[in-house]
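target.cif, holding mmCIF, C-alpha atoms:
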data_my_file
loop_
_atom_site.label_atom_id
_atom_site.label_comp_id
_atom_site.auth_asym_id
_atom_site.auth_seq_id
_atom_site.Cartn_x
_atom_site.Cartn_y
_atom_site.Cartn_z
CA MET A 1 0.00 0.00 0.00
CA PHE A 2 2.79 2.42 0.90
CA LYS A 3 4.52 1.77 -2.42
CA ARG A 4 1.32 2.27 -4.40
CA VAL A 5 0.82 5.73 -2.84
CA LEU A 6 4.48 6.78 -2.80
CA VAL A 7 5.30 6.06 -6.44
CA PRO A 8 2.42 8.07 -7.92
CA ALA A 9 3.21 10.88 -5.52
CA LEU A 10 6.82 10.94 -6.58
CA VAL A 11 5.79 10.91 -10.22
CA MET A 12 3.43 13.82 -9.63
CA LEU A 13 6.12 15.76 -7.74
CA LEU A 14 8.60 15.16 -10.56
CA ALA A 15 6.05 16.29 -13.15
CA LEU A 16 5.28 19.47 -11.19
CA THR A 17 9.00 20.19 -10.78
CA THR A 18 9.53 19.70 -14.53
CA MET A 19 6.62 22.01 -15.38
CA VAL A 20 8.01 24.70 -13.10
CA PHE A 21 11.46 24.31 -14.65
CA LEU A 22 10.11 24.47 -18.21
CA SER A 23 7.95 27.44 -17.31
CA CYS A 24 10.97 29.27 -15.93
CA ALA A 25 12.99 28.32 -19.02
CA GLU A 26 10.24 29.62 -21.26
CA GLU A 27 10.14 32.85 -19.31
CA GLU A 28 13.89 33.15 -19.71
CA GLU A 29 13.58 32.63 -23.48
CA VAL A 30 10.76 35.16 -23.81
CA ALA A 31 12.56 37.68 -21.67
CA ALA A 32 15.15 38.42 -24.36
CA PRO A 33 17.53 41.29 -23.74
CA ASP A 34 16.36 44.68 -24.93
CA VAL A 35 17.29 45.51 -28.53
CA ASP A 36 18.39 49.03 -29.32
CA TYR A 37 16.51 49.67 -32.56
CA THR A 38 18.15 53.08 -32.88
CA ASP A 39 21.65 51.59 -33.23
CA ASN A 40 21.71 51.18 -37.02
CA PRO A 41 22.70 53.26 -40.07
CA TRP A 42 19.20 53.56 -41.53
CA THR A 43 16.63 54.99 -39.08
CA ASP A 44 18.44 58.24 -38.27
CA GLY A 45 18.42 57.48 -34.55
CA GLN A 46 14.69 56.77 -34.38
CA ASP A 47 13.07 53.71 -32.88
CA LEU A 48 10.72 52.62 -35.65
CA SER A 49 10.19 49.07 -34.41
CA GLY A 50 6.73 47.65 -34.93
CA THR A 51 6.09 49.61 -38.14
CA THR A 52 5.60 48.01 -41.57
CA VAL A 53 6.70 48.81 -45.11
CA THR A 54 4.88 47.18 -48.03
CA ILE A 55 6.49 46.36 -51.38
CA PHE A 56 4.77 45.07 -54.52
CA GLY A 57 6.66 43.55 -57.45
CA ALA A 58 6.72 41.11 -60.34
CA PHE A 59 9.18 38.53 -59.00
CA VAL A 60 7.72 35.48 -57.28
CA ASP A 61 8.63 32.04 -55.88
CA GLU A 62 12.35 31.57 -55.25
CA ASP A 63 13.21 35.15 -56.17
CA ALA A 64 10.65 36.37 -53.64
CA ARG A 65 12.11 34.10 -50.96
CA ARG A 66 15.63 35.34 -51.69
CA PHE A 67 14.47 38.94 -51.54
CA ASN A 68 12.86 38.34 -48.16
CA ARG A 69 16.08 36.81 -46.84
CA SER A 70 18.01 39.84 -48.03
CA MET A 71 15.72 42.05 -45.91
CA GLU A 72 16.32 40.13 -42.67
CA ILE A 73 19.39 42.12 -41.63
CA PHE A 74 17.35 45.33 -41.86
CA GLU A 75 14.38 43.90 -40.00
CA GLU A 76 16.54 42.55 -37.17
CA ALA A 77 18.41 45.85 -36.76
CA THR A 78 15.39 48.17 -36.98
CA GLY A 79 12.38 46.13 -35.86
CA ILE A 80 10.63 47.28 -39.06
CA ASN A 81 8.59 44.61 -40.81
CA VAL A 82 9.14 44.44 -44.60
CA VAL A 83 6.19 42.81 -46.36
CA TYR A 84 6.75 41.84 -49.99
CA GLU A 85 3.97 40.73 -52.35
CA GLY A 86 4.73 39.44 -55.84
CA SER A 87 2.38 38.83 -58.75
CA GLY A 88 2.59 37.74 -62.37
CA ASP A 89 -0.05 40.40 -63.05
CA PHE A 90 2.07 43.16 -61.56
CA GLU A 91 1.79 45.51 -64.56
CA SER A 92 -2.00 45.65 -64.44
CA LEU A 93 -2.43 45.43 -60.66
CA ILE A 94 0.02 48.21 -59.81
CA THR A 95 -1.96 50.52 -62.09
CA VAL A 96 -5.20 49.59 -60.36
CA ARG A 97 -3.71 50.17 -56.92
CA VAL A 98 -2.01 53.46 -57.66
CA GLU A 99 -4.89 54.96 -59.61
CA GLY A 100 -7.32 53.60 -57.01
CA GLY A 101 -5.55 55.52 -54.26
CA SER A 102 -4.09 52.52 -52.39
CA PRO A 103 -0.54 52.14 -53.64
CA PRO A 104 2.08 50.04 -51.85
CA ASP A 105 4.82 51.96 -50.07
CA MET A 106 7.24 50.85 -52.79
CA ALA A 107 6.99 48.94 -56.05
CA ALA A 108 9.71 47.04 -57.94
CA PHE A 109 9.39 47.86 -61.64
CA PRO A 110 11.08 45.57 -64.20
CA GLN A 111 10.00 48.08 -66.86
CA PRO A 112 11.10 51.65 -66.11
CA GLY A 113 8.69 52.92 -68.76
CA LEU A 114 5.78 51.87 -66.56
CA LEU A 115 7.28 53.71 -63.59
CA GLY A 116 7.57 56.73 -65.88
CA ASP A 117 3.79 56.68 -66.38
CA PHE A 118 3.30 57.14 -62.63
CA VAL A 119 5.95 59.86 -62.53
CA SER A 120 4.01 61.76 -65.18
CA GLY A 121 0.88 61.34 -63.08
CA GLY A 122 2.56 62.87 -60.03
CA HIS A 123 2.34 59.70 -57.92
CA VAL A 124 6.06 59.04 -57.34
CA ILE A 125 8.27 60.62 -54.66
CA ASP A 126 11.45 62.31 -55.89
CA MET A 127 14.43 60.53 -54.30
CA ASN A 128 16.34 63.82 -54.49
CA GLU A 129 14.08 64.95 -51.65
CA TRP A 130 15.36 62.11 -49.48
CA PHE A 131 18.99 61.73 -50.53
CA ASP A 132 21.73 64.15 -51.55
CA MET A 133 23.03 63.51 -55.04
CA SER A 134 26.50 63.13 -53.54
CA TYR A 135 25.21 60.15 -51.53
CA LEU A 136 23.55 58.59 -54.58
CA ARG A 137 26.75 58.97 -56.59
CA GLN A 138 28.59 57.10 -53.85
CA GLN A 139 26.12 54.25 -54.19
CA TYR A 140 25.64 54.07 -57.99
CA GLU A 141 27.55 54.75 -61.18
CA GLN A 142 26.23 57.80 -62.98
CA HIS A 143 24.49 55.80 -65.72
CA TRP A 144 22.17 54.22 -63.14
CA LEU A 145 21.22 57.67 -61.87
CA ASP A 146 20.71 58.90 -65.43
CA MET A 147 18.33 56.02 -66.14
CA ALA A 148 16.36 56.82 -62.97
CA GLU A 149 15.87 60.46 -63.95
CA MET A 150 12.37 60.94 -65.34
CA ASP A 151 10.52 64.20 -65.91
CA GLY A 152 13.17 66.07 -63.95
CA ILE A 153 13.07 63.93 -60.81
CA GLN A 154 15.04 60.96 -59.48
CA ALA A 155 12.14 58.57 -59.92
CA GLY A 156 13.52 55.66 -57.93
CA PHE A 157 16.51 53.57 -56.99
CA TRP A 158 17.94 50.40 -58.50
CA HIS A 159 18.26 47.11 -56.63
CA ARG A 160 18.83 44.31 -59.18
CA ALA A 161 20.52 44.07 -62.57
CA ASN A 162 21.24 41.54 -65.28
CA VAL A 163 23.50 41.51 -68.32
CA LYS A 164 22.31 41.03 -71.88
CA SER A 165 25.51 41.71 -73.85
CA LEU A 166 26.82 38.14 -73.65
CA VAL A 167 27.78 35.49 -76.22
CA TRP A 168 27.61 31.86 -75.06
CA TYR A 169 29.76 29.09 -76.56
CA PRO A 170 30.45 25.34 -76.03
CA LYS A 171 33.60 25.57 -73.93
CA GLN A 172 35.23 22.17 -74.45
CA ALA A 173 34.56 21.94 -78.18
CA TRP A 174 35.62 25.58 -78.61
CA GLU A 175 38.93 25.01 -76.87
CA ALA A 176 39.52 21.80 -78.82
CA GLU A 177 39.20 23.81 -82.04
CA GLY A 178 41.58 26.45 -80.68
CA TYR A 179 39.14 29.31 -81.29
CA PRO A 180 40.13 32.65 -79.70
CA ILE A 181 37.79 34.81 -77.64
CA PRO A 182 37.10 37.83 -79.89
CA GLU A 183 37.73 41.19 -78.28
CA THR A 184 36.66 43.41 -81.19
CA TRP A 185 33.71 43.32 -83.55
CA ASP A 186 36.00 42.69 -86.52
CA GLU A 187 37.49 39.70 -84.72
CA LEU A 188 33.97 38.38 -84.01
CA MET A 189 33.00 38.66 -87.67
CA GLU A 190 36.30 37.12 -88.84
CA LEU A 191 35.78 34.19 -86.47
CA SER A 192 32.22 33.72 -87.76
CA GLN A 193 33.49 33.61 -91.35
CA ARG A 194 36.27 31.19 -90.37
CA MET A 195 33.68 28.83 -88.93
CA VAL A 196 31.62 29.00 -92.12
CA ASP A 197 34.75 28.34 -94.21
CA GLU A 198 35.38 25.25 -92.05
CA GLY A 199 31.86 23.97 -92.72
CA LYS A 200 30.48 25.02 -89.34
CA THR A 201 27.51 27.25 -88.45
CA PRO A 202 28.54 30.12 -86.17
CA TRP A 203 25.24 31.38 -84.73
CA ALA A 204 22.13 29.99 -83.03
CA VAL A 205 19.15 32.37 -83.00
CA GLY A 206 15.60 31.70 -81.81
CA MET A 207 12.89 34.36 -81.54
CA GLU A 208 9.70 32.47 -80.71
CA SER A 209 8.26 33.48 -77.32
CA ALA A 210 4.48 33.04 -77.61
CA GLY A 211 2.78 36.44 -77.26
CA ALA A 212 6.17 38.11 -76.66
CA THR A 213 7.76 36.86 -79.87
CA GLY A 214 10.13 39.52 -81.14
CA TRP A 215 11.95 40.58 -77.97
CA VAL A 216 15.03 38.57 -78.94
CA GLY A 217 15.28 40.65 -82.10
CA THR A 218 14.79 43.94 -80.28
CA ASP A 219 17.56 42.99 -77.84
CA TRP A 220 19.95 42.48 -80.75
CA ILE A 221 19.04 45.87 -82.26
CA GLU A 222 19.52 47.62 -78.91
CA ASP A 223 22.91 46.00 -78.34
CA ILE A 224 24.12 47.07 -81.78
CA LEU A 225 22.74 50.62 -81.57
CA LEU A 226 24.62 51.14 -78.28
CA ARG A 227 27.80 50.15 -80.14
CA ILE A 228 27.52 52.42 -83.17
CA ALA A 229 25.82 55.63 -82.00
CA PRO A 230 26.30 58.13 -79.17
CA VAL A 231 24.38 57.18 -76.06
CA GLU A 232 22.28 60.33 -76.48
CA VAL A 233 20.89 58.81 -79.68
CA TYR A 234 19.90 55.67 -77.79
CA ASP A 235 18.25 57.71 -75.02
CA ASP A 236 16.32 59.89 -77.47
CA TRP A 237 15.30 56.80 -79.44
CA THR A 238 13.71 55.19 -76.39
CA THR A 239 11.65 58.33 -75.68
CA GLY A 240 10.52 58.81 -79.29
CA ASP A 241 12.66 61.88 -79.91
CA HIS A 242 14.87 59.98 -82.38
CA PRO A 243 12.99 58.02 -85.08
CA PHE A 244 13.40 54.39 -86.06
CA ASP A 245 13.64 55.58 -89.65
CA SER A 246 17.01 57.24 -89.07
CA PRO A 247 20.53 56.42 -90.31
CA GLU A 248 21.70 55.11 -86.92
CA VAL A 249 18.77 52.78 -86.25
CA ARG A 250 18.72 51.66 -89.87
CA GLU A 251 22.41 50.73 -89.62
CA ALA A 252 21.73 48.70 -86.46
CA PHE A 253 19.08 46.69 -88.30
CA GLU A 254 21.43 46.21 -91.25
CA ILE A 255 24.24 44.89 -89.04
CA VAL A 256 21.87 42.39 -87.43
CA GLY A 257 20.55 41.41 -90.84
CA ASP A 258 24.09 40.93 -92.13
CA ILE A 259 24.49 38.15 -89.54
CA TRP A 260 21.04 36.63 -89.58
CA PHE A 261 20.41 36.67 -93.31
CA ARG A 262 23.85 35.66 -94.53
CA GLU A 263 24.01 32.20 -96.05
CA GLY A 264 25.31 29.61 -93.60
CA TRP A 265 25.66 31.95 -90.59
CA VAL A 266 22.57 30.87 -88.57
CA VAL A 267 21.63 27.28 -87.81
CA GLY A 268 18.52 26.40 -89.82
CA GLY A 269 18.83 29.56 -91.88
CA VAL A 270 16.64 32.63 -91.75
CA ASP A 271 13.47 30.52 -92.08
CA ALA A 272 14.13 28.90 -88.68
CA ILE A 273 14.75 32.06 -86.65
CA VAL A 274 11.16 32.98 -85.84
CA GLY A 275 10.04 29.38 -85.34
CA VAL A 276 12.68 28.32 -82.78
CA PRO A 277 11.69 29.05 -79.15
CA PHE A 278 14.24 31.34 -77.50
CA GLY A 279 14.79 28.83 -74.68
CA ASP A 280 15.56 26.02 -77.14
CA ALA A 281 17.95 28.03 -79.31
CA PRO A 282 21.06 27.43 -77.15
CA ASN A 283 20.56 23.65 -77.42
CA ALA A 284 22.50 23.87 -80.69
CA LEU A 285 25.61 24.48 -78.60
CA PHE A 286 25.28 21.14 -76.84
CA THR A 287 25.04 18.67 -79.73
CA ASP A 288 28.09 16.58 -80.64
CA PRO A 289 29.57 18.21 -82.61
CA PRO A 290 27.90 21.59 -81.94
CA SER A 291 25.25 22.54 -84.48
CA ALA A 292 26.11 26.17 -83.75
CA TRP A 293 29.02 27.74 -81.90
CA MET A 294 27.72 31.07 -80.56
CA HIS A 295 24.49 32.30 -79.01
CA ARG A 296 23.91 35.91 -77.96
CA GLN A 297 21.65 35.97 -74.93
CA ALA A 298 21.31 37.38 -71.42
CA SER A 299 22.67 36.08 -68.14
CA PHE A 300 19.36 34.34 -67.38
CA ILE A 301 19.68 31.82 -70.25
CA PRO A 302 21.45 29.09 -68.20
CA ALA A 303 18.03 28.38 -66.65
CA PHE A 304 17.05 26.98 -70.07
CA PHE A 305 20.15 24.83 -70.62
CA PRO A 306 19.73 21.03 -70.57
CA ASP A 307 20.06 19.30 -67.22
CA GLY A 308 23.64 18.73 -66.19
CA VAL A 309 25.13 21.53 -68.28
CA GLU A 310 27.54 23.48 -66.08
CA VAL A 311 28.57 27.07 -66.79
CA GLY A 312 32.35 27.32 -66.86
CA VAL A 313 32.74 23.63 -67.68
CA ASP A 314 30.41 22.69 -70.55
CA VAL A 315 29.51 26.19 -71.65
CA ASP A 316 30.96 29.64 -71.11
CA PHE A 317 30.43 33.20 -72.29
CA PHE A 318 32.25 36.31 -73.41
CA TYR A 319 31.29 39.97 -73.58
CA LEU A 320 29.77 41.03 -76.93
CA PRO A 321 32.59 43.22 -78.31
CA PRO A 322 32.23 46.94 -79.04
CA ILE A 323 32.05 48.22 -82.62
CA ASP A 324 33.10 51.87 -82.42
CA THR A 325 35.15 52.38 -79.25
CA GLU A 326 35.35 56.14 -79.78
CA VAL A 327 31.56 56.34 -79.57
CA ALA A 328 31.07 53.66 -76.93
CA PRO A 329 34.20 52.15 -75.32
CA ASN A 330 32.50 49.36 -73.40
CA PRO A 331 28.73 49.41 -73.99
CA VAL A 332 26.52 47.02 -72.04
CA LEU A 333 22.83 46.34 -72.50
CA GLY A 334 20.97 45.07 -69.46
CA ALA A 335 17.83 45.10 -67.41
CA GLY A 336 16.87 45.14 -63.76
CA ASP A 337 14.42 46.36 -61.14
CA ILE A 338 13.92 50.01 -60.25
CA TYR A 339 11.92 50.79 -57.10
CA GLY A 340 9.45 53.63 -57.15
CA VAL A 341 8.26 55.02 -53.81
CA PHE A 342 4.67 56.15 -53.24
CA ASN A 343 4.40 56.91 -49.50
CA ASP A 344 6.52 59.11 -47.24
CA ARG A 345 6.94 57.81 -43.70
CA PRO A 346 10.09 57.49 -41.59
CA GLU A 347 10.16 53.69 -41.91
CA VAL A 348 9.84 53.92 -45.70
CA ARG A 349 12.75 56.37 -45.84
CA ALA A 350 14.80 54.02 -43.66
CA LEU A 351 14.17 51.06 -45.96
CA ALA A 352 15.00 53.15 -49.03
CA ARG A 353 18.35 54.09 -47.50
CA PHE A 354 19.06 50.44 -46.74
CA MET A 355 18.13 49.34 -50.26
CA THR A 356 20.37 51.94 -51.87
CA GLN A 357 23.33 50.19 -50.19
CA GLY A 358 25.06 47.02 -51.32
CA ILE A 359 24.51 45.30 -47.98
CA SER A 360 20.82 45.00 -48.89
CA THR A 361 21.76 42.65 -51.75
CA LYS A 362 24.35 40.50 -49.94
CA ALA A 363 22.12 37.53 -49.11
CA TRP A 364 20.64 37.46 -52.61
CA ILE A 365 24.08 37.72 -54.23
CA GLU A 366 25.37 34.84 -52.10
CA ALA A 367 22.41 32.70 -53.22
CA GLY A 368 23.56 33.07 -56.84
CA GLY A 369 22.07 34.39 -60.07
CA PHE A 370 21.90 37.99 -58.86
CA VAL A 371 23.88 41.08 -59.86
CA SER A 372 23.91 44.18 -57.69
CA PRO A 373 24.02 47.65 -59.28
CA HIS A 374 25.49 49.15 -56.08
CA ARG A 375 29.04 50.42 -56.07
CA ASP A 376 29.66 49.14 -52.54
CA ALA A 377 28.62 45.54 -53.27
CA ASP A 378 31.64 43.31 -52.63
CA LEU A 379 32.78 41.05 -55.50
CA GLY A 380 33.72 38.53 -52.82
CA TRP A 381 30.02 37.96 -52.12
CA TYR A 382 29.46 36.40 -55.56
CA PRO A 383 29.47 32.60 -55.27
CA THR A 384 30.71 31.63 -58.76
CA ALA A 385 33.15 32.90 -61.36
CA ALA A 386 30.22 33.53 -63.72
CA ASP A 387 28.38 35.66 -61.15
CA ARG A 388 31.54 37.69 -60.54
CA GLN A 389 32.06 38.16 -64.26
CA TYR A 390 28.49 39.44 -64.71
CA ALA A 391 29.14 41.96 -61.93
CA GLU A 392 32.46 43.03 -63.43
CA ILE A 393 30.91 43.53 -66.88
CA ILE A 394 28.27 45.83 -65.41
CA ALA A 395 30.78 47.64 -63.20
CA ASN A 396 33.05 48.33 -66.19
CA ALA A 397 30.25 49.35 -68.56
CA ASP A 398 30.70 52.55 -70.55
CA PRO A 399 27.85 53.15 -71.09
CA PHE A 400 25.29 50.84 -69.48
CA ARG A 401 21.75 51.19 -70.78
CA PHE A 402 18.46 49.50 -70.03
CA ASP A 403 16.61 47.32 -72.53
CA GLY A 404 15.20 49.92 -74.91
CA SER A 405 11.89 48.21 -75.65
CA ASP A 406 11.14 48.17 -71.90
CA LEU A 407 11.65 51.94 -71.82
CA MET A 408 9.34 52.64 -74.75
CA PRO A 409 5.56 53.01 -74.49
CA GLY A 410 3.79 49.65 -74.51
CA PRO A 411 2.25 50.03 -77.99
CA VAL A 412 5.80 50.36 -79.37
CA GLY A 413 8.20 48.51 -77.06
CA ALA A 414 6.03 45.45 -76.51
CA GLY A 415 3.92 46.09 -79.60
CA SER A 416 5.06 47.27 -82.99
CA PHE A 417 8.81 46.86 -82.32
CA TRP A 418 8.25 43.18 -81.51
CA SER A 419 5.76 42.51 -84.28
CA GLU A 420 7.49 44.46 -87.04
CA ILE A 421 10.94 42.94 -86.48
CA THR A 422 9.29 39.51 -86.44
CA ASN A 423 7.53 40.26 -89.71
CA TRP A 424 10.76 41.60 -91.25
CA VAL A 425 12.65 38.42 -90.38
CA ASN A 426 9.82 36.00 -91.10
CA ASN A 427 9.18 37.42 -94.57
CA TYR A 428 12.71 38.35 -95.62
CA PRO A 429 13.41 39.54 -98.29
CA ASP A 430 9.83 40.38 -99.30
CA VAL A 431 9.33 42.92 -96.47
CA SER A 432 11.57 45.95 -96.81
CA LEU A 433 13.52 47.44 -93.93
CA GLU A 434 12.27 50.89 -94.92
CA GLN A 435 8.65 49.90 -94.47
CA THR A 436 9.42 48.12 -91.21
CA LEU A 437 10.99 51.23 -89.69
CA ARG A 438 8.22 53.52 -90.89
CA ASN A 439 5.53 51.20 -89.49
CA ILE A 440 7.13 51.32 -86.03
CA ASP A 441 7.45 55.11 -86.13
CA ALA A 442 3.81 55.43 -87.15
CA SER A 443 2.72 53.39 -84.11
CA TRP A 444 4.22 55.80 -81.57
CA PRO A 445 1.46 57.22 -79.34
CA GLY A 446 0.58 60.80 -80.22
CA ARG A 447 1.87 60.67 -83.78
#

Rewritten as structure tokens:
Amino acid sequence: MFKRVLVPALVMLLALTTMVFLSCAEEEEVAAPDVDYTDNPWTDGQDLSGTTVTIFGAFVDEDARRFNRSMEIFEEATGINVVYEGSGDFESLITVRVEGGSPPDMAAFPQPGLLGDFVSGGHVIDMNEWFDMSYLRQQYEQHWLDMAEMDGIQAGFWHRANVKSLVWYPKQAWEAEGYPIPETWDELMELSQRMVDEGKTPWAVGMESAGATGWVGTDWIEDILLRIAPVEVYDDWTTGDHPFDSPEVREAFEIVGDIWFREGWVVGGVDAIVGVPFGDAPNALFTDPPSAWMHRQASFIPAFFPDGVEVGVDVDFFYLPPIDTEVAPNPVLGAGDIYGVFNDRPEVRALARFMTQGISTKAWIEAGGFVSPHRDADLGWYPTAADRQYAEIIANADPFRFDGSDLMPGPVGAGSFWSEITNWVNNYPDVSLEQTLRNIDASWPGR
């Protein structure tokens, strides 16, 4: 009898002791030491903990997760909650929200032209009101600031970039043939002709992209125009102040046509260009032997390579060489995200200061596939040689300019420019270049 009573009693006493211990431990965990939310470089000595900043953008899934991780250092130091929402319908939804009077605090625009629409409508805060230009020049090269200037204001700040001026090639087969990496346009053309003379096809080109078919062609035109004309021509062209039917733009089309339409220079010939999906085009590099030896495409294209293909081992890239170094010593075409700001509160200003600094991109850089436009981003953060090379190409750009079709009004950039270049290629030589250029000019809003 004594044992029957004693054992349960001991068990109960042990359980109560354990509960008290756990309760005390929990209290110790909850009672974390006070955090000084004013001890950081971004809130200007204010305690803004408990506030929230909302951001709306077009990137989703893994990119959204990586962005959120890159914000953690700011959230931990300031106590400010950064809430990001991404949507594939960003372009239409941001318009609804802004015009409906309920904009996010910030929005990440992959198309600066769309941000420009809100600048014109008076919805966007001028970053010159928040930051001295001397500070912004410390954080960005001048070309990034130039691209953010819209209607006389600094319309936003840049946070992500990618490189388009790249030529991909099959590394092992290339080296076995002893081909050099061309550093000038003449060398690139001479190498292309050498390949043709040896019975090889130098270029793989694919333009098909469902409803967006044509953007591959516009990228080529933009890359060439940056290499043959003063950057002011490019800038005026994207705003409609310099026509398509002009000597400079015409020459850019002719240089592209001289590659695409020349016998034996493009795998499948001109008839295959429009029909080949852009994501399938680089597959020609990976046949044995390669069906084509070069493919001009942006830094995102490895996502479309066959499984097991490793950049730096099976495939590599070089910078698309300049044409006229006196006009443009080291031109680079690219894209990226520019953040427009719609609401002025202390916590929004604090986040904007953080995001104009390289530290805000560190976690995303270290995850791979990301290039920072910030001057103070450390090359040591980049995880692969390819990532570092992308960053170096952008850092050394002279000039760097954004994808021109993304800067143009929608009816042109994602409309007539895409459709007319597709028609020109698809019906060559029956459709004249002259008519193509005039059709695009005629589509410009307001003309």

Please identify all polymer residues within 8 Å of region 193-208 of chain A, counting all atoms listed in the file, omitting same-chain residues fewer than 5 positions from it, and present them as a list in words.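 Here the qualifying residues turn out to be Thr213, Gly214, Trp215, Val216, Gly217, Gly264, Trp265, Val266, Val267, Ala272, Ile273, Val274, Gly275, Val276, Pro277, Phe278, Gly279, Asp280, Ala281, Pro282, Ala284, Leu285, Ser291, Ala292, Trp293, Met294, His295, Arg296 and Thr422 of chain A.
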
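What separates CA of Ala385 (chain A) from CA of Phe109 (chain A) is a distance of 28.1 Å.
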
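Rounded to one decimal, CA of Ala176 (chain A) and CA of Glu392 (chain A) lie 27.2 Å from each other.
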
Could you list, as a list in words, every residue matched by the PyMOL selection byres ((chain A and resi 358) around 8) in this structure?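 So the PyMOL selection byres ((chain A and resi 358) around 8) ends up selecting Gln139, Met355, Thr356, Gln357, Ile359, Ser360, Thr361, Lys362, Ser372, His374, Arg375, Asp376, Ala377 and Asp378 of chain A.
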
CA of Ile94 (chain A) to CA of Glu347 (chain A): how many Å, to one decimal?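 Taking CA of Ile94 (chain A) and CA of Glu347 (chain A), their separation equals 21.3 Å.
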
Tell me which residues come within 10 Å of (9.5, 48.7, -32.0), as an MDAnalysis selection string, counting all atoms listed in the file in the file's coordinates. chainID A and resid 35:38 46:51 78:81

Kindly list the centre and edge lengths in Å, rounded to one decimal, for the axis-aligned box that covers all listed atoms of region 77-88 of chain A plus 3 Å on each of its six sides, as AutoDock Vina command-line options.
--center_x 10.4 --center_y 43.0 --center_z -49.1 --size_x 22.0 --size_y 16.4 --size_z 32.5

Which residues are close to Phe261 (chain A), i.e. within 10 Å by only C-alpha atoms, leaving aside same-chain residues fewer than 2 positions away? Reply as JSON, numbers by chain. {"A": [254, 256, 257, 258, 259, 263, 264, 265, 266, 269, 270, 271, 273, 425, 428, 429]}

Between A:Asp307, A:Glu232, A:Asp241, A:Asp117, which residue has the minimum interatomic distance to His143 (chain A), considering all atoms listed in the file?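 When distances to His143 (chain A) are compared using all atoms listed in the file, the smallest one comes from A:Glu232.
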